[in-house]
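Asks: For reference, this is input.csv, and it has CSV, C-alpha atoms and all ligand atoms.
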chain,number,residue,atom,x,y,z
U,80,MET,CA,24.2,-19.8,-10.1
U,81,LYS,CA,22.6,-16.5,-11.0
U,82,VAL,CA,24.0,-13.4,-12.6
U,83,PHE,CA,22.4,-10.0,-13.2
U,84,ILE,CA,23.6,-7.9,-16.1
U,85,SER,CA,22.7,-4.2,-16.2
U,86,GLY,CA,22.8,-3.9,-20.0
U,87,ASN,CA,23.8,-5.8,-23.2
U,88,ILE,CA,27.1,-7.5,-23.6
U,89,ALA,CA,28.6,-9.5,-26.5
U,90,PRO,CA,26.4,-12.5,-27.3
U,91,ALA,CA,29.4,-14.9,-27.2
U,92,ALA,CA,29.9,-14.1,-23.5
U,93,LEU,CA,26.3,-14.7,-22.7
U,94,GLN,CA,26.6,-18.0,-24.4
U,95,ARG,CA,29.6,-18.9,-22.4
U,96,LEU,CA,27.8,-18.0,-19.2
U,97,GLU,CA,24.9,-20.2,-20.1
U,98,GLU,CA,27.2,-23.1,-21.1
U,99,ASN,CA,28.4,-22.9,-17.5
U,100,ASN,CA,24.8,-23.3,-16.2
U,101,ILE,CA,24.5,-19.7,-15.1
U,102,SER,CA,21.1,-18.2,-15.3
U,103,ILE,CA,21.1,-14.6,-16.6
U,104,THR,CA,18.7,-11.8,-15.8
U,105,GLN,CA,19.3,-8.6,-17.9
U,106,TRP,CA,18.2,-5.0,-17.7
U,107,ASN,CA,16.6,-4.3,-21.0
U,108,GLU,CA,15.0,-0.9,-20.6
U,109,ASP,CA,16.1,2.1,-22.6
U,110,ARG,CA,17.4,4.0,-19.6
U,111,GLN,CA,20.1,3.5,-17.1
U,112,ILE,CA,19.1,1.5,-14.1
U,113,THR,CA,18.9,3.4,-10.8
U,114,THR,CA,20.8,2.4,-7.7
U,115,ASP,CA,17.5,1.4,-5.9
U,116,GLU,CA,16.5,-0.7,-8.9
U,117,LEU,CA,20.0,-2.2,-9.0
U,118,ILE,CA,19.8,-3.2,-5.3
U,119,GLU,CA,16.4,-4.9,-6.0
U,120,ALA,CA,17.7,-6.6,-9.1
U,121,CYS,CA,20.8,-8.0,-7.4
U,122,LYS,CA,18.9,-9.3,-4.3
U,123,ASN,CA,18.7,-12.9,-5.3
U,124,GLN,CA,21.8,-13.0,-7.5
U,125,ASP,CA,25.3,-14.5,-7.0
U,126,GLY,CA,27.1,-12.3,-9.4
U,127,PHE,CA,26.6,-8.9,-11.1
U,128,ILE,CA,27.9,-7.6,-14.4
U,129,SER,CA,27.9,-3.8,-14.3
U,130,VAL,CA,27.4,-2.3,-17.7
U,131,GLY,CA,27.4,1.5,-17.8
U,132,PRO,CA,28.0,4.1,-15.1
U,133,ASN,CA,26.2,2.3,-12.2
U,134,LYS,CA,27.2,3.5,-8.8
U,135,ILE,CA,28.8,0.7,-7.0
U,136,ASN,CA,28.7,2.8,-3.8
U,137,ALA,CA,28.4,2.0,-0.1
U,138,ASP,CA,24.5,1.9,-0.3
U,139,PHE,CA,24.7,-0.7,-3.1
U,140,LEU,CA,27.5,-2.7,-1.6
U,141,ASN,CA,26.0,-2.9,1.9
U,142,ALA,CA,22.7,-4.1,0.4
U,143,SER,CA,24.5,-6.6,-1.8
U,144,LYS,CA,26.9,-8.3,0.6
U,145,HIS,CA,25.8,-11.7,-0.7
U,146,LEU,CA,27.4,-11.1,-4.1
U,147,LYS,CA,30.3,-13.4,-4.8
U,148,VAL,CA,31.7,-11.2,-7.6
U,149,ILE,CA,31.1,-8.0,-9.4
U,150,ALA,CA,32.5,-7.8,-13.0
U,151,LEU,CA,32.7,-4.3,-14.5
U,152,HIS,CA,32.2,-3.8,-18.2
U,153,SER,CA,35.0,-1.2,-18.2
U,154,VAL,CA,38.6,-0.7,-17.4
U,155,GLY,CA,37.7,2.5,-15.4
U,156,PHE,CA,36.5,1.9,-11.9
U,157,ASP,CA,35.8,5.4,-10.5
U,158,GLN,CA,32.2,4.3,-9.9
U,159,VAL,CA,33.3,1.8,-7.3
U,160,ASP,CA,33.7,2.5,-3.6
U,161,ILE,CA,36.8,0.3,-3.3
U,162,GLU,CA,37.2,0.7,0.5
U,163,VAL,CA,33.7,-0.7,1.1
U,164,ALA,CA,34.0,-3.5,-1.4
U,165,LYS,CA,37.3,-4.5,0.3
U,166,LYS,CA,35.8,-4.3,3.8
U,167,LEU,CA,32.9,-6.5,2.7
U,168,ASN,CA,35.2,-8.8,0.8
U,169,ILE,CA,33.4,-8.6,-2.5
U,170,PRO,CA,35.8,-9.2,-5.4
U,171,VAL,CA,35.4,-6.6,-8.2
U,172,GLY,CA,37.1,-7.1,-11.6
U,173,ASN,CA,37.6,-4.9,-14.6
U,174,THR,CA,38.7,-5.3,-18.3
U,175,PRO,CA,42.3,-4.0,-18.5
U,176,GLY,CA,44.4,-3.9,-21.6
U,177,VAL,CA,42.0,-5.1,-24.3
U,178,LEU,CA,40.5,-1.7,-25.0
U,179,SER,CA,43.6,0.4,-25.2
U,180,ALA,CA,43.9,0.4,-29.1
U,181,ALA,CA,40.2,1.1,-29.7
U,182,THR,CA,40.1,4.0,-27.1
U,183,ALA,CA,43.3,5.5,-28.5
U,184,ASP,CA,41.6,5.3,-32.0
U,185,THR,CA,38.7,7.3,-30.6
U,186,ALA,CA,41.1,10.0,-29.2
U,187,PHE,CA,43.0,10.1,-32.6
U,188,LEU,CA,39.7,10.4,-34.5
U,189,LEU,CA,38.6,13.3,-32.3
U,190,MET,CA,41.9,15.0,-32.6
U,191,LEU,CA,41.8,14.8,-36.4
U,192,ALA,CA,38.1,15.7,-36.5
U,193,VAL,CA,38.6,18.8,-34.4
U,194,SER,CA,41.7,19.9,-36.2
U,195,ARG,CA,39.7,20.0,-39.5
U,196,LYS,CA,36.3,21.1,-38.0
U,197,ALA,CA,34.9,18.0,-39.5
U,198,PHE,CA,31.8,17.6,-37.3
U,199,PHE,CA,30.9,21.3,-37.9
U,200,GLY,CA,31.2,20.8,-41.6
U,201,TYR,CA,28.9,17.8,-41.5
U,202,ARG,CA,26.3,19.8,-39.5
U,203,LYS,CA,26.6,22.6,-42.1
U,204,ILE,CA,25.5,20.1,-44.8
U,205,ILE,CA,22.7,18.5,-42.9
U,206,ASP,CA,21.4,21.9,-41.8
U,207,GLY,CA,21.3,23.1,-45.5
U,208,ASN,CA,23.9,25.8,-44.9
U,209,TRP,CA,26.4,24.6,-47.6
U,210,VAL,CA,25.6,27.2,-50.2
U,211,LYS,CA,28.9,28.2,-51.8
U,212,TYR,CA,32.6,27.6,-51.7
U,213,GLU,CA,34.2,29.6,-48.9
U,214,PRO,CA,38.0,29.3,-49.1
U,215,ALA,CA,38.7,31.6,-46.1
U,216,GLN,CA,36.3,30.0,-43.8
U,217,GLU,CA,36.3,26.9,-41.5
U,218,LEU,CA,40.0,26.6,-41.7
U,219,GLY,CA,41.6,23.9,-39.6
U,220,ILE,CA,45.1,23.6,-38.2
U,221,GLU,CA,47.6,20.9,-39.2
U,222,LEU,CA,49.0,18.4,-36.9
U,223,ASN,CA,52.3,17.5,-38.6
U,224,GLY,CA,55.3,18.0,-36.4
U,225,LYS,CA,53.2,19.4,-33.5
U,226,THR,CA,53.6,18.5,-29.8
U,227,LEU,CA,51.3,15.9,-28.3
U,228,GLY,CA,50.9,16.3,-24.5
U,229,VAL,CA,49.6,13.2,-22.8
U,230,PHE,CA,48.1,13.6,-19.3
U,231,GLY,CA,48.3,10.0,-18.0
U,232,LEU,CA,50.7,8.0,-20.1
U,233,GLY,CA,49.6,4.5,-19.4
U,234,LYS,CA,48.4,1.8,-21.9
U,235,ILE,CA,45.8,4.0,-23.7
U,236,GLY,CA,48.0,7.1,-23.7
U,237,LEU,CA,50.9,5.1,-25.1
U,238,GLU,CA,48.7,3.8,-28.0
U,239,MET,CA,47.6,7.3,-28.8
U,240,ALA,CA,51.1,8.7,-28.7
U,241,LYS,CA,52.4,5.9,-31.0
U,242,LYS,CA,49.6,6.7,-33.5
U,243,CYS,CA,50.4,10.5,-33.4
U,244,LYS,CA,54.1,9.8,-33.9
U,245,ALA,CA,53.5,7.5,-36.8
U,246,ALA,CA,51.0,9.6,-38.6
U,247,TYR,CA,52.3,13.1,-37.9
U,248,ASN,CA,55.8,12.7,-36.4
U,249,MET,CA,54.5,14.5,-33.3
U,250,LYS,CA,56.8,15.1,-30.4
U,251,VAL,CA,55.4,13.4,-27.3
U,252,VAL,CA,55.5,15.0,-23.8
U,253,TYR,CA,53.6,13.7,-20.8
U,254,HIS,CA,52.8,14.2,-17.2
U,255,ASN,CA,52.0,11.3,-14.8
U,256,ARG,CA,52.1,10.8,-11.0
U,257,SER,CA,55.1,8.6,-11.6
U,258,ARG,CA,57.4,8.4,-14.6
U,259,ASN,CA,56.8,5.8,-17.3
U,260,GLU,CA,60.4,5.0,-18.2
U,261,ALA,CA,59.4,2.2,-20.6
U,262,ALA,CA,57.4,4.7,-22.7
U,263,GLU,CA,60.2,7.2,-22.5
U,264,LYS,CA,62.5,4.7,-24.1
U,265,GLU,CA,59.9,3.3,-26.6
U,266,ILE,CA,58.7,6.6,-28.1
U,267,ALA,CA,61.2,9.1,-26.7
U,268,ALA,CA,58.4,10.7,-24.6
U,269,GLU,CA,59.6,13.6,-22.4
U,270,TYR,CA,58.4,13.9,-18.8
U,271,LEU,CA,57.2,17.4,-17.9
U,272,SER,CA,55.7,19.1,-14.8
U,273,PHE,CA,51.9,19.6,-15.2
U,274,ASP,CA,52.4,23.3,-15.9
U,275,GLU,CA,55.1,22.7,-18.5
U,276,LEU,CA,52.8,20.1,-20.2
U,277,LEU,CA,50.1,22.7,-20.5
U,278,ALA,CA,52.5,25.3,-21.9
U,279,GLN,CA,54.1,23.0,-24.5
U,280,SER,CA,51.1,20.9,-25.8
U,281,ASP,CA,49.5,21.7,-29.2
U,282,VAL,CA,47.2,18.8,-28.5
U,283,LEU,CA,46.6,17.8,-24.9
U,284,THR,CA,45.0,14.3,-24.6
U,285,VAL,CA,43.6,13.0,-21.3
U,286,HIS,CA,44.1,9.3,-20.5
U,287,THR,CA,44.1,9.3,-16.7
U,288,ALA,CA,41.6,7.8,-14.2
U,289,LEU,CA,39.0,10.0,-12.5
U,290,THR,CA,40.1,10.3,-8.9
U,291,THR,CA,39.8,12.9,-6.2
U,292,GLU,CA,43.1,14.3,-7.6
U,293,THR,CA,42.0,14.5,-11.2
U,294,LYS,CA,38.4,15.6,-10.6
U,295,GLU,CA,37.7,18.8,-12.6
U,296,LYS,CA,41.5,19.2,-13.0
U,297,PHE,CA,40.9,20.9,-16.4
U,298,SER,CA,39.3,24.1,-15.1
U,299,MET,CA,39.5,27.7,-16.5
U,300,GLU,CA,42.7,28.3,-14.5
U,301,VAL,CA,44.3,25.3,-16.3
U,302,PHE,CA,42.9,26.2,-19.7
U,303,ARG,CA,44.5,29.6,-19.3
U,304,LYS,CA,47.9,28.0,-19.0
U,305,MET,CA,47.4,26.2,-22.4
U,306,LYS,CA,48.3,27.6,-25.8
U,307,SER,CA,45.6,29.6,-27.5
U,308,LYS,CA,45.9,27.3,-30.5
U,309,ALA,CA,45.7,24.1,-28.3
U,310,ILE,CA,43.2,21.3,-28.8
U,311,PHE,CA,41.9,19.5,-25.7
U,312,ILE,CA,40.9,15.8,-26.1
U,313,ASN,CA,39.2,13.8,-23.4
U,314,THR,CA,38.3,10.1,-23.9
U,315,ALA,CA,38.8,9.2,-20.2
U,316,ARG,CA,36.1,10.6,-17.9
U,317,GLY,CA,33.9,13.7,-18.3
U,318,GLY,CA,34.5,14.5,-14.6
U,319,ILE,CA,38.1,15.3,-15.3
U,320,HIS,CA,37.2,18.6,-17.0
U,321,ASN,CA,34.8,21.3,-15.8
U,322,GLU,CA,32.4,21.5,-18.7
U,323,GLN,CA,31.2,25.1,-18.0
U,324,ASP,CA,34.8,26.2,-17.9
U,325,LEU,CA,35.5,24.4,-21.1
U,326,ILE,CA,32.6,26.0,-22.9
U,327,LYS,CA,33.8,29.4,-21.7
U,328,ALA,CA,37.4,28.7,-22.7
U,329,LEU,CA,36.3,27.9,-26.2
U,330,GLU,CA,33.9,30.8,-26.5
U,331,GLU,CA,36.6,33.2,-25.2
U,332,LYS,CA,39.2,31.6,-27.5
U,333,VAL,CA,41.4,30.7,-24.5
U,334,ILE,CA,42.0,27.4,-26.3
U,335,TRP,CA,41.3,26.6,-30.0
U,336,GLY,CA,39.3,23.3,-29.9
U,337,ALA,CA,38.1,20.3,-28.0
U,338,GLY,CA,37.2,16.7,-28.7
U,339,LEU,CA,35.2,14.8,-26.2
U,340,ASP,CA,34.1,11.2,-26.0
U,341,VAL,CA,33.2,11.7,-22.4
U,342,THR,CA,31.0,14.4,-21.0
U,343,ASN,CA,29.6,15.6,-17.7
U,344,PRO,CA,26.8,14.6,-17.3
U,345,GLU,CA,26.3,11.7,-19.7
U,346,PRO,CA,24.2,11.7,-21.8
U,347,MET,CA,25.0,15.2,-22.9
U,348,ASP,CA,22.0,17.5,-23.4
U,349,LYS,CA,21.3,18.0,-27.1
U,350,ASN,CA,21.3,21.7,-26.7
U,351,ASN,CA,24.8,21.9,-25.1
U,352,PRO,CA,26.7,24.8,-26.7
U,353,LEU,CA,29.7,22.5,-27.4
U,354,LEU,CA,27.6,20.7,-30.1
U,355,PHE,CA,27.3,23.9,-32.1
U,356,MET,CA,31.0,25.1,-32.0
U,357,GLU,CA,33.2,25.0,-35.1
U,358,SER,CA,36.3,23.4,-33.6
U,359,VAL,CA,34.6,20.9,-31.3
U,360,ALA,CA,33.7,17.2,-31.8
U,361,VAL,CA,31.7,15.2,-29.3
U,362,LEU,CA,31.0,11.5,-29.3
U,363,PRO,CA,28.6,9.6,-27.0
U,364,HIS,CA,31.2,7.6,-25.0
U,365,ILE,CA,32.1,5.1,-27.8
U,366,GLY,CA,35.8,4.8,-26.9
U,367,SER,CA,35.9,1.1,-26.7
U,368,ALA,CA,32.9,0.4,-29.0
U,369,THR,CA,34.2,-1.9,-31.6
U,370,GLU,CA,33.0,-5.5,-32.3
U,371,GLU,CA,36.5,-6.9,-31.5
U,372,THR,CA,37.1,-4.9,-28.3
U,373,ARG,CA,33.6,-5.4,-26.9
U,374,GLU,CA,34.0,-9.1,-27.5
U,375,ALA,CA,37.4,-9.1,-25.8
U,376,MET,CA,36.0,-7.1,-22.8
U,377,ALA,CA,33.2,-9.6,-22.5
U,378,GLY,CA,35.7,-12.4,-22.5
U,379,LEU,CA,37.5,-10.9,-19.5
U,380,ILE,CA,34.2,-10.3,-17.8
U,381,VAL,CA,33.3,-14.0,-18.2
U,382,GLU,CA,36.7,-15.0,-16.7
U,383,ASN,CA,36.1,-12.7,-13.7
U,384,ILE,CA,32.5,-14.0,-13.2
U,385,LEU,CA,33.4,-17.7,-13.4
U,386,ALA,CA,36.3,-17.4,-11.0
U,387,GLY,CA,34.3,-15.3,-8.6
U,388,LEU,CA,31.4,-17.7,-8.6
U,389,ASN,CA,33.7,-20.6,-8.0
U,390,GLY,CA,35.2,-18.9,-5.0
U,391,GLU,CA,38.6,-18.5,-6.8
U,392,LYS,CA,40.7,-15.4,-7.0
U,393,ILE,CA,39.4,-13.3,-10.0
U,394,PRO,CA,42.0,-12.8,-12.8
U,395,TYR,CA,41.5,-9.0,-13.2
U,396,PRO,CA,40.8,-7.5,-9.8
U,397,ILE,CA,40.7,-3.8,-9.2
U,398,TYR,CA,42.0,-4.1,-5.7
G,401,LIG,C1,32.9,1.3,-21.2
G,401,LIG,C2,34.9,2.7,-20.5
G,401,LIG,O1,32.3,0.9,-22.4
G,401,LIG,O2,36.3,0.9,-20.0
G,401,LIG,C3,35.9,2.0,-19.7
G,401,LIG,O3,36.4,2.6,-18.6
G,401,LIG,O4,34.7,3.9,-20.3
G,401,LIG,C4,34.2,2.0,-21.6
G,401,LIG,O5,35.0,1.1,-22.2
G,401,LIG,C5,31.9,2.1,-20.4
G,401,LIG,O6,32.4,2.3,-19.1
G,401,LIG,C6,30.6,1.4,-20.4
G,401,LIG,O7,30.6,0.2,-19.5
As structure tokens - that is how I would like this structure written.
Replies:
Amino acid sequence: MKVFISGNIAPAALQRLEENNISITQWNEDRQITTDELIEACKNQDGFISVGPNKINADFLNASKHLKVIALHSVGFDQVDIEVAKKLNIPVGNTPGVLSAATADTAFLLMLAVSRKAFFGYRKIIDGNWVKYEPAQELGIELNGKTLGVFGLGKIGLEMAKKCKAAYNMKVVYHNRSRNEAAEKEIAAEYLSFDELLAQSDVLTVHTALTTETKEKFSMEVFRKMKSKAIFINTARGGIHNEQDLIKALEEKVIWGAGLDVTNPEPMDKNNPLLFMESVAVLPHIGSATEETREAMAGLIVENILAGLNGEKIPYPIY
């Protein structure tokens, strides 16, 4: 059996695939593979491991009907046209659960970095602008006892909320499509309407999937409903906020700060104004990037691939 991988995954997973007599072809170039190249690369393959934001759209799926399985190197699956995959009967699997703690760590890191203008301070040093002690400048805001608003209280949101409660005794409020009663009990999270969430949150952290409903949900109209001292954190998908509106909201002090692990587009342009703002921290989509988590993700990918190639039901299907 043959599998194409559009990037690098944990070596232990490659070894397991090879032990199962799977021959691997990998995309090794320093750029993301295009859809046309992907179609070509998957032509004579039995399985495909999708690393990065490849578009698993109708064009790709219709040209790749022969694939026995597609295993995503992500929990998110907004890049997949599920209806077409279903119609063509191509199993598609993801990596749920294993990356919740690492991704929540990234959200927490951004929240803290923004609240103390840490990335700006670092830039000041490397730009040679640290010339004297300035006690009234670059002041942060404290998190202790503040209100954390979670937009999308699922596994990752819950991990973030637990950290914020433990570290800063933050009150947790949230908005979901449907209530998460287990989380309400576990961490005394309070369910609010979306507008109430915006009005009450000192830190608003996004942990929802990118869907037609959440696309550009955080626009100027929404930022205007937030507190002027609020911090906006997005570690989910860049498409959930409107980046131009976010820039404007920060420039006009509609909100106080922002921490992003996801941007729109990715990669972010190195001259993006967000990179030069005091109370902004941006990371290059490293949410799940720890040795432990990437290994665990690769483990689930192998399980999805092996089951799919054997014609069995895959253990982590997205539909
Ligand atoms: C992936 C992610 O690393 O799981 C997700 O949804 O965003 C990340 O963990 C990224 O999608 C690259 O494959």
Asks: Can you measure CA of Thr174 in chain U to CA of Gln111 in chain U for me? One decimal in Å is fine.
Replies: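 CA of Thr174 in chain U sits 20.6 Å away from CA of Gln111 in chain U.
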Asks: Counting all atoms listed in the file, what are the residues, protein, DNA or RNA alike, that approach ligand LIG 401 (chain G) to within 8 Å? I want them as an mmCIF file with C-alpha atoms, in the coordinates of the input.
Replies:
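Dumped to part.cif:
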data_model
loop_
_atom_site.group_PDB
_atom_site.id
_atom_site.type_symbol
_atom_site.label_atom_id
_atom_site.label_comp_id
_atom_site.auth_asym_id
_atom_site.auth_seq_id
_atom_site.Cartn_x
_atom_site.Cartn_y
_atom_site.Cartn_z
ATOM 1 C CA SER U 129 27.900 -3.800 -14.300
ATOM 2 C CA VAL U 130 27.400 -2.300 -17.700
ATOM 3 C CA GLY U 131 27.400 1.500 -17.800
ATOM 4 C CA PRO U 132 28.000 4.100 -15.100
ATOM 5 C CA LEU U 151 32.700 -4.300 -14.500
ATOM 6 C CA HIS U 152 32.200 -3.800 -18.200
ATOM 7 C CA SER U 153 35.000 -1.200 -18.200
ATOM 8 C CA VAL U 154 38.600 -0.700 -17.400
ATOM 9 C CA GLY U 155 37.700 2.500 -15.400
ATOM 10 C CA PHE U 156 36.500 1.900 -11.900
ATOM 11 C CA THR U 174 38.700 -5.300 -18.300
ATOM 12 C CA PRO U 175 42.300 -4.000 -18.500
ATOM 13 C CA LEU U 178 40.500 -1.700 -25.000
ATOM 14 C CA THR U 182 40.100 4.000 -27.100
ATOM 15 C CA ALA U 315 38.800 9.200 -20.200
ATOM 16 C CA ARG U 316 36.100 10.600 -17.900
ATOM 17 C CA HIS U 364 31.200 7.600 -25.000
ATOM 18 C CA ILE U 365 32.100 5.100 -27.800
ATOM 19 C CA GLY U 366 35.800 4.800 -26.900
ATOM 20 C CA SER U 367 35.900 1.100 -26.700
ATOM 21 C CA ALA U 368 32.900 0.400 -29.000
ATOM 22 C CA ARG U 373 33.600 -5.400 -26.900
#
Asks: Restricting the calculation to all atoms listed in the file: of U:Ile128, U:Leu329, U:Ile380, U:Leu385, which residue gets closest to Met356 in chain U?
Replies: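 With all atoms listed in the file as the atom set, the closest residue is U:Leu329.
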Asks: List the spatial neighbours of Ile326 in chain U as JSON, numbers by chain - criterion: any atom at most 9 Å away, all atoms listed in the file, same-chain residues fewer than 5 positions off excluded.
Replies: {"U": [321, 331, 352, 353]}
Asks: Mind dumping the selected residues with C-alpha atoms as a PDB file, keeping the file's coordinate frame?
Replies:
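See result.pdb below for the written result:
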ATOM      1  CA  ASN U 321      34.800  21.300 -15.800  1.00  0.00           C
ATOM      2  CA  GLU U 331      36.600  33.200 -25.200  1.00  0.00           C
ATOM      3  CA  PRO U 352      26.700  24.800 -26.700  1.00  0.00           C
ATOM      4  CA  LEU U 353      29.700  22.500 -27.400  1.00  0.00           C
TER       5      LEU U 353
END
Asks: To one decimal place, how far is CA of Thr114 in chain U from CA of Lys134 in chain U in Å?
Replies: 6.6 Å
Asks: Please return, as a PyMOL selection string, all polymer residues that have at least one atom within 9 Å of the point (31.7, 16.7, -20.4); use all atoms listed in the file and the file's own coordinate frame.
Replies: chain U and resi 313+316-323+325+339-345+347
Asks: Could the residues of range 335-362 of chain U that have an atom at most 12 Å from range 214-234 of chain U be listed as a tab-separated table, each with its closest atom pair and the distance in Å to one decimal, counting all atoms listed in the file and ordered by chain and ascending residue number?
Replies:
residue	atom	partner	partner_atom	distance
U:Trp335	CA	U:Ile220	CA	9.5
U:Gly336	CA	U:Gly219	CA	10.0
U:Met356	CA	U:Glu217	CA	11.0
U:Glu357	CA	U:Glu217	CA	7.4
U:Ser358	CA	U:Gly219	CA	8.0
U:Val359	CA	U:Gly219	CA	11.3
Asks: For Met190 in chain U, which of U:Val301, U:Cys243, U:Ile149, U:Ala89 is the closest residue, counting all atoms listed in the file?
Replies: U:Cys243
